[in-house]
file run24.txt (compact mmCIF, C-alpha atoms)
# COMPACT_ATOMS: atom_id res chain seq x y z
CA MET A 1 -24.14 41.08 213.22
CA ARG A 2 -25.01 41.93 209.69
CA LEU A 3 -22.20 41.82 207.12
CA HIS A 4 -22.08 43.88 203.95
CA PRO A 5 -21.91 41.94 200.58
CA LEU A 6 -18.17 42.55 199.93
CA PRO A 7 -16.94 41.34 203.35
CA LYS A 8 -19.11 38.22 202.89
CA VAL A 9 -17.25 37.31 199.69
CA VAL A 10 -13.82 37.91 201.28
CA LEU A 11 -14.71 35.76 204.30
CA ALA A 12 -15.93 32.88 202.09
CA ILE A 13 -12.77 32.86 199.97
CA THR A 14 -10.50 33.08 203.03
CA SER A 15 -12.27 30.21 204.78
CA SER A 16 -12.01 28.03 201.66
CA LEU A 17 -8.29 28.65 201.35
CA LEU A 18 -7.67 27.87 205.03
CA ILE A 19 -9.54 24.56 204.83
CA SER A 20 -7.72 23.60 201.62
CA GLY A 21 -4.36 24.44 203.20
CA PHE A 22 -4.98 22.21 206.20
CA ALA A 23 -6.05 19.34 203.97
CA ASN A 24 -3.04 19.64 201.68
CA ALA A 25 -0.70 19.72 204.64
CA PHE A 26 -1.40 16.01 205.09
CA THR A 27 -1.62 15.01 201.41
CA PRO A 28 1.48 14.22 199.25
CA VAL A 29 1.87 16.64 196.37
CA PHE A 30 2.98 13.80 194.06
CA PRO A 31 1.42 10.51 195.22
CA ASP A 32 3.40 7.32 194.60
CA THR A 33 0.74 6.01 192.22
CA GLN A 34 1.63 8.71 189.72
CA PHE A 35 5.09 7.25 189.17
CA ALA A 36 3.96 3.63 189.43
CA SER A 37 1.59 4.09 186.50
CA ASN A 38 3.85 6.29 184.38
CA ASP A 39 5.30 3.83 181.86
CA ARG A 40 8.28 5.57 180.26
CA TYR A 41 10.12 2.45 179.21
CA ASN A 42 11.21 3.70 175.79
CA ARG A 43 13.70 6.19 177.20
CA SER A 44 17.36 5.28 176.89
CA THR A 45 18.11 6.32 180.47
CA PHE A 46 16.33 7.49 183.60
CA ASP A 47 17.48 10.30 185.80
CA GLU A 48 16.29 12.02 188.95
CA SER A 49 13.71 14.07 187.09
CA ASP A 50 11.84 10.89 186.24
CA PHE A 51 11.20 10.06 189.88
CA LEU A 52 11.57 13.29 191.88
CA TRP A 53 9.70 16.55 191.84
CA VAL A 54 12.21 19.30 192.64
CA PRO A 55 10.58 22.63 193.60
CA ASN A 56 12.01 25.84 192.21
CA THR A 57 12.25 27.45 195.65
CA ARG A 58 14.38 24.96 197.55
CA LYS A 59 15.93 21.50 197.17
CA PRO A 60 14.36 18.60 199.09
CA ASN A 61 16.28 17.17 202.03
CA TYR A 62 16.30 13.69 200.44
CA GLU A 63 18.17 14.72 197.29
CA THR A 64 21.54 13.26 198.38
CA ALA A 65 20.05 9.87 199.21
CA GLU A 66 18.30 9.65 195.86
CA ARG A 67 21.42 10.67 193.94
CA ASN A 68 23.36 7.84 195.54
CA ARG A 69 20.85 5.10 194.83
CA ALA A 70 22.55 1.93 193.64
CA ILE A 71 20.16 1.15 190.78
CA THR A 72 20.26 3.98 188.24
CA GLY A 73 20.52 4.78 184.52
CA ASP A 74 20.39 2.04 181.91
CA LEU A 75 20.27 -0.69 184.54
CA LYS A 76 17.17 0.80 186.17
CA ASN A 77 15.54 1.30 182.78
CA SER A 78 16.22 -2.34 181.85
CA LEU A 79 14.77 -3.57 185.15
CA PHE A 80 11.61 -1.54 184.52
CA GLN A 81 11.26 -2.99 181.04
CA MET A 82 11.79 -6.53 182.32
CA ALA A 83 9.16 -5.92 185.01
CA LYS A 84 6.78 -4.86 182.26
CA TYR A 85 7.65 -8.02 180.31
CA LEU A 86 6.87 -10.22 183.32
CA ARG A 87 3.44 -8.61 183.67
CA THR A 88 2.56 -10.22 180.32
CA GLN A 89 3.52 -13.70 181.57
CA ASN A 90 1.59 -16.23 183.66
CA PRO A 91 2.72 -15.45 187.23
CA ASN A 92 2.31 -19.08 188.33
CA ARG A 93 4.39 -20.54 185.52
CA VAL A 94 7.70 -22.05 186.64
CA VAL A 95 10.58 -21.28 184.26
CA ALA A 96 14.11 -22.60 183.70
CA ARG A 97 13.24 -25.94 185.27
CA ARG A 98 16.72 -27.38 184.64
CA GLY A 99 18.30 -24.59 186.63
CA ALA A 100 16.67 -21.69 188.50
CA ASN A 101 13.22 -23.38 188.62
CA LEU A 102 11.45 -20.19 189.75
CA SER A 103 7.95 -18.86 189.14
CA ASN A 104 7.37 -15.64 187.22
CA HIS A 105 5.78 -14.29 190.41
CA MET A 106 9.06 -14.76 192.31
CA LEU A 107 11.01 -13.12 189.47
CA SER A 108 8.66 -10.11 189.63
CA SER A 109 9.08 -9.92 193.40
CA THR A 110 12.86 -9.85 192.99
CA LEU A 111 12.74 -7.11 190.34
CA ASN A 112 10.46 -4.94 192.47
CA ALA A 113 12.74 -5.35 195.48
CA LEU A 114 15.77 -4.40 193.39
CA LEU A 115 14.09 -1.26 192.09
CA ARG A 116 13.73 -0.16 195.72
CA TRP A 117 17.26 -1.24 196.65
CA ASP A 118 19.66 1.46 197.84
CA GLY A 119 22.43 -0.68 199.30
CA GLN A 120 25.71 -1.93 197.89
CA LEU A 121 25.84 -3.96 194.68
CA SER A 122 28.09 -6.62 196.14
CA PRO A 123 27.53 -10.07 197.61
CA GLN A 124 27.99 -8.71 201.12
CA GLY A 125 25.38 -5.98 200.60
CA LEU A 126 22.80 -7.81 198.51
CA GLN A 127 22.67 -10.89 200.75
CA ASN A 128 20.81 -8.81 203.36
CA GLN A 129 17.74 -8.84 201.13
CA PHE A 130 18.30 -11.52 198.49
CA ASP A 131 19.25 -15.17 198.28
CA LEU A 132 22.31 -15.50 196.06
CA LEU A 133 21.80 -18.71 194.10
CA PRO A 134 25.18 -19.80 192.68
CA LEU A 135 25.54 -20.64 189.00
CA GLY A 136 27.66 -23.72 189.39
CA ASN A 137 29.95 -24.03 192.42
CA SER A 138 29.95 -20.69 194.26
CA THR A 139 33.39 -21.34 195.79
CA GLN A 140 35.09 -21.44 192.39
CA GLN A 141 35.36 -19.03 189.48
CA ASN A 142 33.75 -21.41 187.03
CA THR A 143 31.29 -19.17 185.18
CA LYS A 144 32.58 -18.45 181.70
CA PHE A 145 32.08 -14.90 180.40
CA THR A 146 32.35 -13.72 176.83
CA GLY A 147 31.23 -10.54 175.13
CA TYR A 148 29.23 -9.89 171.99
CA TYR A 149 28.58 -6.70 170.06
CA THR A 150 26.88 -5.23 167.01
CA PRO A 151 29.30 -4.98 164.08
CA THR A 152 29.18 -1.98 161.75
CA VAL A 153 30.17 -2.44 158.10
CA LYS A 154 30.39 -0.06 155.14
CA ALA A 155 27.73 -0.59 152.50
CA SER A 156 26.46 0.50 149.09
CA ALA A 157 22.97 0.16 147.63
CA ARG A 158 24.51 -1.27 144.43
CA PRO A 159 27.76 -2.99 143.45
CA VAL A 160 30.26 -0.27 142.63
CA GLY A 161 34.04 -0.03 142.96
CA ASP A 162 35.24 -2.42 145.66
CA TYR A 163 31.72 -2.88 147.06
CA ILE A 164 31.38 -6.33 145.49
CA TYR A 165 30.39 -8.57 148.41
CA PRO A 166 26.60 -9.08 148.57
CA ILE A 167 24.59 -9.23 151.79
CA TYR A 168 21.61 -11.54 151.28
CA ARG A 169 18.18 -11.85 152.79
CA SER A 170 16.86 -15.40 153.25
CA PRO A 171 15.58 -17.13 150.08
CA MET A 172 12.00 -18.35 150.14
CA ALA A 173 12.87 -21.65 148.50
CA GLY A 174 14.23 -24.20 150.97
CA SER A 175 16.65 -25.62 148.41
CA LEU A 176 18.34 -22.23 148.06
CA ARG A 177 18.27 -21.45 151.77
CA LEU A 178 20.20 -24.63 152.57
CA LEU A 179 23.11 -23.99 150.21
CA SER A 180 26.61 -24.15 151.70
CA ARG A 181 28.70 -21.02 152.19
CA LYS A 182 31.02 -22.17 149.41
CA MET A 183 28.15 -22.41 146.90
CA ILE A 184 26.80 -19.00 147.95
CA SER A 185 30.26 -17.41 147.67
CA GLU A 186 30.55 -18.85 144.16
CA GLY A 187 27.38 -17.01 143.08
CA ALA A 188 24.53 -19.48 143.60
CA LEU A 189 22.23 -16.66 144.84
CA ASN A 190 23.24 -14.00 142.29
CA ASN A 191 20.53 -12.17 140.34
CA LYS A 192 17.65 -13.55 142.41
CA GLY A 193 16.67 -10.25 143.96
CA LEU A 194 17.95 -11.25 147.39
CA GLU A 195 20.67 -8.62 147.79
CA VAL A 196 20.05 -6.21 150.68
CA ALA A 197 23.26 -4.28 149.97
CA TRP A 198 26.90 -4.73 149.00
CA THR A 199 29.96 -4.20 151.20
CA ASN A 200 33.69 -3.75 150.67
CA ASP A 201 34.48 -5.51 153.95
CA PRO A 202 34.14 -9.31 153.62
CA ILE A 203 35.75 -9.92 157.01
CA GLY A 204 33.38 -7.44 158.66
CA LEU A 205 30.47 -9.22 156.98
CA PHE A 206 31.79 -12.57 158.21
CA TYR A 207 31.90 -11.36 161.82
CA MET A 208 28.48 -9.74 161.45
CA GLN A 209 27.18 -13.20 160.55
CA VAL A 210 28.87 -14.62 163.64
CA GLN A 211 27.15 -12.00 165.82
CA GLY A 212 23.77 -12.42 164.07
CA SER A 213 22.97 -8.72 163.54
CA GLY A 214 24.66 -5.52 162.48
CA VAL A 215 24.47 -1.97 161.23
CA LEU A 216 25.16 -0.85 157.66
CA GLU A 217 26.83 2.51 157.09
CA TYR A 218 26.09 3.70 153.55
CA ARG A 219 28.41 6.01 151.70
CA THR A 220 25.69 8.67 151.84
CA GLY A 221 25.81 8.64 155.66
CA LEU A 222 22.56 6.68 156.00
CA ARG A 223 22.53 3.88 158.56
CA MET A 224 20.41 0.75 158.47
CA THR A 225 19.95 -1.91 161.14
CA LEU A 226 20.09 -5.52 159.97
CA SER A 227 18.43 -8.25 161.98
CA PHE A 228 18.79 -12.02 161.79
CA ASP A 229 16.82 -13.59 158.91
CA GLY A 230 17.70 -17.25 159.40
CA SER A 231 20.63 -19.38 158.31
CA ASN A 232 21.47 -22.28 156.01
CA GLU A 233 21.33 -24.53 159.10
CA LYS A 234 24.91 -25.70 158.67
CA PRO A 235 27.24 -26.08 161.72
CA PHE A 236 29.48 -23.21 162.79
CA ARG A 237 33.26 -23.58 162.49
CA SER A 238 35.77 -21.13 163.96
CA LEU A 239 37.76 -19.15 161.39
CA ALA A 240 40.56 -18.51 163.93
CA LYS A 241 40.94 -22.22 164.72
CA TYR A 242 41.05 -23.06 161.00
CA MET A 243 43.82 -20.53 160.40
CA GLN A 244 45.75 -21.91 163.34
CA LYS A 245 45.31 -25.49 162.11
CA MET A 246 46.55 -24.53 158.63
CA GLY A 247 49.57 -22.75 160.08
CA TYR A 248 48.48 -19.35 158.74
CA LEU A 249 48.50 -17.79 162.22
CA GLN A 250 49.94 -18.71 165.58
CA GLY A 251 49.65 -16.93 168.90
CA ASP A 252 47.40 -13.90 168.41
CA LEU A 253 44.17 -15.08 166.76
CA GLY A 254 42.25 -11.83 167.23
CA ARG A 255 40.43 -10.05 164.44
CA GLU A 256 43.21 -7.51 163.84
CA ALA A 257 45.72 -10.31 163.31
CA ILE A 258 43.31 -12.16 161.00
CA GLN A 259 42.52 -9.02 159.00
CA ASN A 260 46.19 -8.10 158.65
CA TRP A 261 47.05 -11.60 157.46
CA PHE A 262 44.35 -11.54 154.78
CA SER A 263 45.47 -8.08 153.66
CA ALA A 264 48.89 -9.60 152.99
CA ASN A 265 47.46 -12.85 151.58
CA PRO A 266 44.16 -12.00 149.82
CA GLY A 267 44.22 -15.18 147.73
CA TYR A 268 43.43 -17.28 150.83
CA LEU A 269 40.41 -15.23 151.93
CA GLN A 270 37.55 -17.19 150.39
CA GLU A 271 39.09 -20.58 151.10
CA ALA A 272 39.47 -19.75 154.78
CA MET A 273 35.96 -18.33 155.13
CA ASN A 274 34.45 -21.36 153.41
CA SER A 275 35.89 -23.45 156.24
CA ASN A 276 32.85 -22.23 158.18
CA PRO A 277 29.89 -23.76 156.28
CA ARG A 278 27.30 -21.77 158.26
CA TYR A 279 25.84 -18.79 156.39
CA VAL A 280 23.56 -16.21 158.04
CA PHE A 281 20.97 -14.12 156.18
CA PHE A 282 19.82 -10.63 157.15
CA LYS A 283 16.78 -8.43 156.71
CA PRO A 284 16.50 -4.65 157.06
CA SER A 285 14.81 -3.43 160.21
CA LYS A 286 13.17 -0.07 160.83
CA LYS A 287 13.40 -0.67 164.57
CA ASP A 288 16.40 -0.67 166.83
CA LEU A 289 18.02 -3.96 167.74
CA ILE A 290 16.03 -6.11 170.13
CA THR A 291 16.85 -9.24 172.08
CA ALA A 292 15.32 -12.72 171.95
CA SER A 293 12.95 -11.64 174.73
CA GLY A 294 11.65 -8.82 172.53
CA LEU A 295 13.21 -6.14 174.74
CA PRO A 296 15.80 -3.57 173.65
CA ILE A 297 19.44 -4.58 173.93
CA VAL A 298 21.51 -2.46 176.34
CA SER A 299 25.29 -2.25 176.46
CA GLY A 300 26.79 -3.45 179.73
CA VAL A 301 23.43 -4.70 181.02
CA SER A 302 21.96 -7.22 178.54
CA VAL A 303 23.34 -10.73 178.72
CA ALA A 304 22.66 -13.80 176.58
CA VAL A 305 22.05 -16.99 178.56
CA ASP A 306 20.74 -20.54 178.22
CA THR A 307 17.08 -20.11 179.23
CA ASP A 308 16.81 -23.79 180.16
CA TYR A 309 18.81 -22.77 183.25
CA ILE A 310 18.53 -18.98 183.59
CA PRO A 311 15.12 -17.42 182.78
CA PHE A 312 14.24 -14.14 181.16
CA GLY A 313 13.11 -11.90 184.00
CA SER A 314 15.87 -12.92 186.38
CA VAL A 315 18.78 -10.74 187.53
CA LEU A 316 22.38 -11.92 187.86
CA LEU A 317 25.20 -10.67 190.05
CA ALA A 318 28.42 -11.46 188.19
CA GLN A 319 32.10 -11.16 188.96
CA VAL A 320 33.08 -9.87 185.52
CA PRO A 321 36.81 -10.11 184.70
CA ILE A 322 38.76 -7.04 183.61
CA ILE A 323 41.19 -7.98 180.82
CA ASN A 324 43.75 -5.64 179.25
CA THR A 325 44.75 -5.47 175.57
CA LYS A 326 47.39 -8.15 176.10
CA GLY A 327 44.86 -10.60 177.46
CA GLN A 328 46.10 -10.22 181.05
CA ARG A 329 43.58 -10.24 183.87
CA LEU A 330 43.79 -7.05 185.93
CA GLY A 331 41.01 -7.88 188.38
CA PHE A 332 37.23 -7.99 188.33
CA GLU A 333 34.14 -5.91 189.06
CA TRP A 334 30.74 -6.94 190.41
CA LYS A 335 27.93 -6.09 187.99
CA LEU A 336 24.17 -6.65 187.91
CA LEU A 337 23.17 -8.12 184.55
CA VAL A 338 19.73 -8.64 183.00
CA PRO A 339 19.28 -11.90 181.03
CA ASN A 340 17.13 -10.97 178.04
CA ASP A 341 18.89 -12.64 175.12
CA ARG A 342 20.03 -16.05 173.89
CA GLY A 343 23.04 -17.23 171.90
CA ILE A 344 23.45 -20.34 169.79
CA ALA A 345 26.77 -21.14 171.50
CA ILE A 346 25.64 -20.15 175.01
CA LYS A 347 24.83 -23.46 176.70
CA GLY A 348 24.68 -24.56 180.31
CA PRO A 349 24.03 -22.98 183.71
CA ALA A 350 27.40 -21.22 184.06
CA ARG A 351 27.80 -19.55 180.68
CA MET A 352 26.94 -15.99 179.70
CA ASP A 353 27.60 -13.54 176.86
CA ILE A 354 27.57 -9.84 177.82
CA TYR A 355 26.54 -7.22 175.24
CA THR A 356 29.09 -4.42 174.83
CA GLY A 357 27.49 -2.12 172.23
CA ARG A 358 28.11 -1.20 168.58
CA GLY A 359 31.13 -0.69 166.39
CA GLU A 360 34.86 -1.11 166.74
CA ALA A 361 35.19 0.03 170.37
CA ALA A 362 32.46 -2.41 171.37
CA ARG A 363 34.31 -5.22 169.58
CA VAL A 364 37.48 -4.46 171.51
CA ASN A 365 35.55 -4.43 174.79
CA ALA A 366 33.86 -7.71 173.90
CA ASN A 367 37.26 -9.34 173.35
CA ARG A 368 38.46 -8.11 176.74
CA LEU A 369 35.51 -9.72 178.54
CA THR A 370 36.61 -13.29 177.93
CA GLY A 371 37.38 -15.06 181.19
CA PHE A 372 36.03 -16.84 184.22
CA GLY A 373 34.42 -15.61 187.43
CA LYS A 374 31.66 -16.23 189.92
CA ALA A 375 27.99 -15.52 189.25
CA PHE A 376 24.77 -15.66 191.25
CA LEU A 377 21.07 -15.43 190.46
CA LEU A 378 19.19 -13.13 192.84
CA ARG A 379 15.99 -14.27 194.58
CA ASN A 380 14.02 -11.96 196.84
CA ARG A 381 13.83 -13.11 200.44
CA GLN A 382 10.55 -12.39 202.21
CA SER A 383 12.21 -12.08 205.64
CA THR A 384 15.48 -10.35 206.42
CA GLN A 385 17.01 -13.56 207.76
CA LEU A 386 19.25 -15.59 205.48
CA SER A 387 17.61 -18.71 204.09
CA GLN A 388 19.21 -21.69 205.80
CA ASN A 389 20.04 -23.50 202.56
CA GLN A 390 21.29 -20.40 200.74
CA GLU A 391 23.47 -18.72 203.39
CA LEU A 392 26.93 -17.83 202.14
CA SER A 393 29.62 -18.64 204.64
CA HIS A 394 32.00 -16.03 206.03
CA TYR A 395 34.79 -17.80 204.14
CA GLN A 396 32.96 -17.54 200.83
CA LEU A 397 32.16 -13.84 201.29
CA SER A 398 35.68 -12.96 202.42
CA SER A 399 37.06 -14.57 199.27
CA MET A 400 34.99 -12.29 197.06

call {"tool": "encode", "arguments": {"input": "run24.txt", "output": "structure tokens"}}
result
Amino acid sequence: MRLHPLPKVVLAITSSLLISGFANAFTPVFPDTQFASNDRYNRSTFDESDFLWVPNTRKPNYETAERNRAITGDLKNSLFQMAKYLRTQNPNRVVARRGANLSNHMLSSTLNALLRWDGQLSPQGLQNQFDLLPLGNSTQQNTKFTGYYTPTVKASARPVGDYIYPIYRSPMAGSLRLLSRKMISEGALNNKGLEVAWTNDPIGLFYMQVQGSGVLEYRTGLRMTLSFDGSNEKPFRSLAKYMQKMGYLQGDLGREAIQNWFSANPGYLQEAMNSNPRYVFFKPSKKDLITASGLPIVSGVSVAVDTDYIPFGSVLLAQVPIINTKGQRLGFEWKLLVPNDRGIAIKGPARMDIYTGRGEAARVNANRLTGFGKAFLLRNRQSTQLSQNQELSHYQLSSM
């Protein structure tokens, strides 16, 4: 049968569409490789739109399951960034030989398994897929938790009014860099072009040096991040313990109590601060704060550890204490933490410092974190059976 030109065109187009429709019926609209190769690690959080395509016409039947995934938000973002970090490391290298003694390949395997995890974030749930390697004795609450934060202090670009306390960058000359705090407070670094800014808050500056970084808030509203620029290599001494020893304060040794005491007794300020000979220098940073691993620091997720025992790239399950304003323990919560930072005072296999954020609220939260609990390092298990040497007994789980 002979067809006219127009029907020929219609038939060709119709046949092409039918063939394409059948092919697409068996092909995913958004293949998994699209998301696996889409590195969006610089976002502060992830949400469903990062991983799901939601049509305009109807909602997919898996929406509820995805919304309830255990690993979400900042935690998921941090795990992605740590996975990216591990891809730059030798996979066969064994790290934290004094403690975890795991290869980077095993750490990557654990991270990938966690990113697919949709179960409970508790020892009972996680043990179905992961070995829970205890930090210390798993039957006792012997892991010590503390919190650290990023202080914020008021600043001025020049000394004016009560902005008379200089913030110094590190001197180039070793002889100047190694001066004691007392010599620096008496003006040994004045007029050498080392001043980054001036502040009216000497106690805030002191605690910023304890934390090792901070944020300046200028009177104009401008903010500047300060990062660690070395120290005078002198030992650290606790200001609170000195004040207690001298009889200045008893009982409450928190920052509010210390600040209130100095407000009433300003003549003792410099003497007390000089009891800590360690002096920390700062440099301005155009970037946001980063950790010792080179990754961004994330409130409630980042934790400083001793990397001789706990490696960067690992994930910890910690029984974090909940402490009220009076220092009373109200209970605890299980949290997944990402070790990506170090601390000069964080030593040993059962010691960790949890980052709580910036400013005054973060400082209060950091103070409330102090306490003891249990903690485990997660290791992916290739089979679903519990490893014989890592199985947690029914007694241990029931006590959690």

call {"tool": "closest_residue", "arguments": {"input": "run24.txt", "among": "A:Ile322, A:Ala96, A:Ala304, A:Ala345", "to": "A:Leu369", "atoms": "all atoms listed in the file"}}
result
A:Ile322

call {"tool": "residues_around", "arguments": {"input": "run24.txt", "residues": "A:Thr356", "least_positions_apart": "4", "cutoff": "9 Å", "atoms": "all atoms listed in the file", "output": "PyMOL selection string"}}
result
chain A and resi 147-150+298-302+361-363+365-366

call {"tool": "residues_near_point", "arguments": {"input": "run24.txt", "point": "(16.3, -4.3, 163.7)", "cutoff": "9 Å", "atoms": "all atoms listed in the file", "output": "list in words"}}
result
Ser213, Gly214, Val215, Met224, Thr225, Leu226, Ser227, Phe228, Lys283, Pro284, Ser285, Lys286, Lys287, Asp288, Leu289 and Ile290 of chain A

call {"tool": "atom_distance", "arguments": {"input": "run24.txt", "atom1": "atom CA of A:Gly212", "atom2": "atom CA of A:Asp74"}}
result
23.2 Å

call {"tool": "residues_near_point", "arguments": {"input": "run24.txt", "point": "(21.1, -24.2, 151.3)", "cutoff": "12 Å", "atoms": "all atoms listed in the file", "output": "ChimeraX atom specification"}}
result
/A:170-185,188-189,230-234,277-281

call {"tool": "closest_residue", "arguments": {"input": "run24.txt", "among": "A:Leu269, A:Leu239, A:Leu107, A:Ala375", "to": "A:Phe332", "atoms": "only C-alpha atoms"}}
result
A:Ala375

call {"tool": "closest_residue", "arguments": {"input": "run24.txt", "among": "A:Gly125, A:Pro296, A:Pro235, A:Gly348", "to": "A:Asn77", "atoms": "all atoms listed in the file"}}
result
A:Pro296

call {"tool": "atom_distance", "arguments": {"input": "run24.txt", "atom1": "atom CA of A:Val153", "atom2": "atom CA of A:Asn200"}}
result
8.3 Å

call {"tool": "axis_aligned_box", "arguments": {"input": "run24.txt", "around": "stretch 161-178 of chain A", "padding_each_side": "8 Å", "output": "JSON"}}
result
{"center_x": 23.6, "center_y": -12.8, "center_z": 148.1, "size_x": 39.2, "size_y": 41.6, "size_z": 26.3}

call {"tool": "atom_distance", "arguments": {"input": "run24.txt", "atom1": "atom CA of A:Asn104", "atom2": "atom CA of A:Leu336"}}
result
19.1 Å

call {"tool": "closest_residue", "arguments": {"input": "run24.txt", "among": "A:Ser238, A:Thr143, A:Gln259, A:Asn190", "to": "A:Lys347", "atoms": "only C-alpha atoms"}}
result
A:Thr143

call {"tool": "decode", "arguments": {"input": "run24.txt", "residues": "stretch 76-89 of chain A", "atoms": "N, CA and C atoms", "output": "CSV table (one decimal), in the first residue's frame"}}
result
chain,number,residue,atom,x,y,z
A,76,LYS,N,25.4,14.3,58.1
A,76,LYS,CA,25.5,13.7,56.7
A,76,LYS,C,26.6,14.5,55.9
A,77,ASN,N,26.5,15.8,56.0
A,77,ASN,CA,27.4,16.7,55.3
A,77,ASN,C,28.8,16.4,55.7
A,78,SER,N,29.0,16.3,57.1
A,78,SER,CA,30.4,16.1,57.6
A,78,SER,C,30.9,14.7,57.2
A,79,LEU,N,30.0,13.7,57.2
A,79,LEU,CA,30.4,12.4,56.7
A,79,LEU,C,30.9,12.4,55.3
A,80,PHE,N,30.1,13.1,54.4
A,80,PHE,CA,30.5,13.3,53.0
A,80,PHE,C,31.9,13.9,52.9
A,81,GLN,N,32.1,15.0,53.7
A,81,GLN,CA,33.4,15.7,53.6
A,81,GLN,C,34.5,14.8,54.1
A,82,MET,N,34.3,14.0,55.1
A,82,MET,CA,35.3,13.1,55.6
A,82,MET,C,35.6,12.0,54.6
A,83,ALA,N,34.6,11.5,53.9
A,83,ALA,CA,34.8,10.5,52.9
A,83,ALA,C,35.7,11.1,51.7
A,84,LYS,N,35.4,12.4,51.4
A,84,LYS,CA,36.3,13.0,50.4
A,84,LYS,C,37.7,13.2,50.9
A,85,TYR,N,37.9,13.5,52.2
A,85,TYR,CA,39.2,13.6,52.8
A,85,TYR,C,39.9,12.2,52.6
A,86,LEU,N,39.2,11.1,53.0
A,86,LEU,CA,39.9,9.8,52.9
A,86,LEU,C,40.3,9.4,51.5
A,87,ARG,N,39.6,9.9,50.5
A,87,ARG,CA,40.0,9.6,49.1
A,87,ARG,C,41.3,10.2,48.7
A,88,THR,N,41.8,11.2,49.5
A,88,THR,CA,43.1,11.8,49.3
A,88,THR,C,44.2,11.0,50.0
A,89,GLN,N,43.9,10.0,50.9
A,89,GLN,CA,44.8,9.3,51.7
A,89,GLN,C,45.2,7.9,51.1
